[in-house]
Amino acid sequence: MALYRKYRPKVFSEVVGQDHVVSTLEKALKAGRIAHAYLFCGPRGVGKTTVARLLAKAVNCLDKNPPCGKCKNCEDIALGRFIDLIEIDAASNRGIDEIRDLREKIKFAPSVGRKKVYIIDEVHMLTREAFNALLKTLEEPPAHSIFVFATTEVNKLPETVISRCQRFDFRLGDEALVSNNIKKIANSEGIKLDEEILSLVAKSSGGSYRDSLSMFDQLLPHLSSGKTDLKQASKILNLSGLDEALHFVGLLKSADIPAVIGYIDELSMKGTDFEQFTGALVRLFRAELIEAVISGLECSWLRFALERLIEAVSRSKVSPIGSLPLELAAIDICQNSSNNQPKAGRSDEGGAQSEALRELDSIKKPAGNPGPIASPQIALSPEGRLAIVEAVRSKNKPLGALLAAAAWRVEEGKIVLTVEYKLYQNKIMSKDNLKLVSEEAEKVLGKTVLFGCVVEKVSEGLSADMVGEIEDVFGG
Ligand SMILES: [Zn+2]
């Protein structure tokens, strides 16, 4: 069993680094003042779901000192088989159906426990429609129900939801807290951990307890043999992955899209875990952003990059293609890089890369056509585009992701999407998908729209014969 699961806190006193949350919750429980909705905010791997489950135990525990972690109900919750604890992962259940189902069933009293507890993880990923349905439940929650919403991106939640919850902000651990936690677990496992390795793990975890333990997990078999030094440890943890991440940041800064996509392909071949790799990128960009802010440098590009990468991390959990969210984010970041990087971070290469971007731009416009002309019949605002993407996304998530990643333009009365791979084009243009896109676009724009889709294989360099792909444009 993974260490993170094996040592998941069974009672409140075992929770590390979130004393401000735990003590408030314990006081409320003692006083019998339980809110009907809680909002747990904070980065991944710091214990939000763990504390949510402890709360579920506390309100359903059979002992006089809840949660005891030992009674039937506490055990069933720990084993994930307690019927009155319903966990929904919004990252994979964005749909209105799950919330409708929830609304349908919430009115029934708990079967075995005192309270029905609903934990909705990554709640910000719910669709607007699903939020609205949820809000209606939140307005008049049955007395026997408790909601716990967990999110890594509270800024994406509607104010109407936030205002109905008691909010707790979970914190990342500092190096001391993280390494003490590892040390304690190492002791229980009978492993003596070298201080240098301990510090390496604590630092590389970026304050995420879960990440630190999965790193420790990776080291464990090697540590037992007792012959692992710092260098080997760093190799085992693929902190050379750090080298890869640094190299990748360099490519992003140079806005060299073909090189970026090529490198992602390379990583893909090596079996890279893209959620982890993108997480490493987030940490690097965050460090750089902080430095830029302190030094008073322009940092809008860094912020943009960071936001897109964070999005990519949460999407990589549900993406049908592991590397896709990073590809999409990277392309956006490169296309956004022209003028906005911190001045100190720019090199002479900048000129040449802007040149490459301009070239890419000109290729996007098919030769022989008089360039993109806003059709007199269709006006497509960025908001309109977004509305179409969101409408499609709520019905077909992968398709929505592809639309979000495509470049859109209006041309001769058609909306023309530019994608990176033939595969994406086939997907968008398949009969059912095209029908869905056209229908949603018609709802948003109030008229029938024709769609076309062209491929630009940026990963294979910029060549004029891409323009040939334009023949693939067709209407719906
Ligand atoms: Zn109990």
# chains A, B, ... in the order shown; residues from 1 in each chain; ligands from 1
>>> closest_atom_pairs(of="chain A", to="ligand 1", cutoff="9 Å", atoms="only C-alpha atoms and all ligand atoms", output="CSV")
residue,atom,partner,partner_atom_place_in_ligand_line,distance
A:Lys57,CA,ligand 1,1 (Zn),6.4
A:Ala58,CA,ligand 1,1 (Zn),7.0
A:Asn60,CA,ligand 1,1 (Zn),7.2
A:Cys61,CA,ligand 1,1 (Zn),3.7
A:Leu62,CA,ligand 1,1 (Zn),5.1
A:Asp63,CA,ligand 1,1 (Zn),5.1
A:Lys64,CA,ligand 1,1 (Zn),8.3
A:Asn65,CA,ligand 1,1 (Zn),7.7
A:Pro66,CA,ligand 1,1 (Zn),5.7
A:Pro67,CA,ligand 1,1 (Zn),4.7
A:Cys68,CA,ligand 1,1 (Zn),4.0
A:Gly69,CA,ligand 1,1 (Zn),4.8
A:Lys70,CA,ligand 1,1 (Zn),5.2
A:Cys71,CA,ligand 1,1 (Zn),4.1
A:Lys72,CA,ligand 1,1 (Zn),6.8
A:Asn73,CA,ligand 1,1 (Zn),5.9
A:Cys74,CA,ligand 1,1 (Zn),4.4
A:Glu75,CA,ligand 1,1 (Zn),7.3
>>> residues_around(residues="Asp19 in chain A", least_positions_apart="5", cutoff="10 Å", atoms="only C-alpha atoms", output="PyMOL selection string")
chain A and resi 12-13+24-25+170-171
>>> closest_residue(among="A:Ala150, A:Ala379, A:Ile310, A:Ile185", to="Gly47 in chain A", atoms="only C-alpha atoms")
A:Ala150
>>> select_by_dssp(residues="range 251-310 of chain A", states="helix (DSSP H, G or I)", output="number ranges by chain")
A: 251-253, 257-269, 274-294, 300-310
>>> atom_distance(atom1="CA of Cys299 in chain A", atom2="CA of Val154 in chain A")
22.0 Å
>>> residues_around(residues="Phe285 in chain A", least_positions_apart="4", cutoff="7 Å", atoms="only C-alpha atoms", output="count of residues only")
4
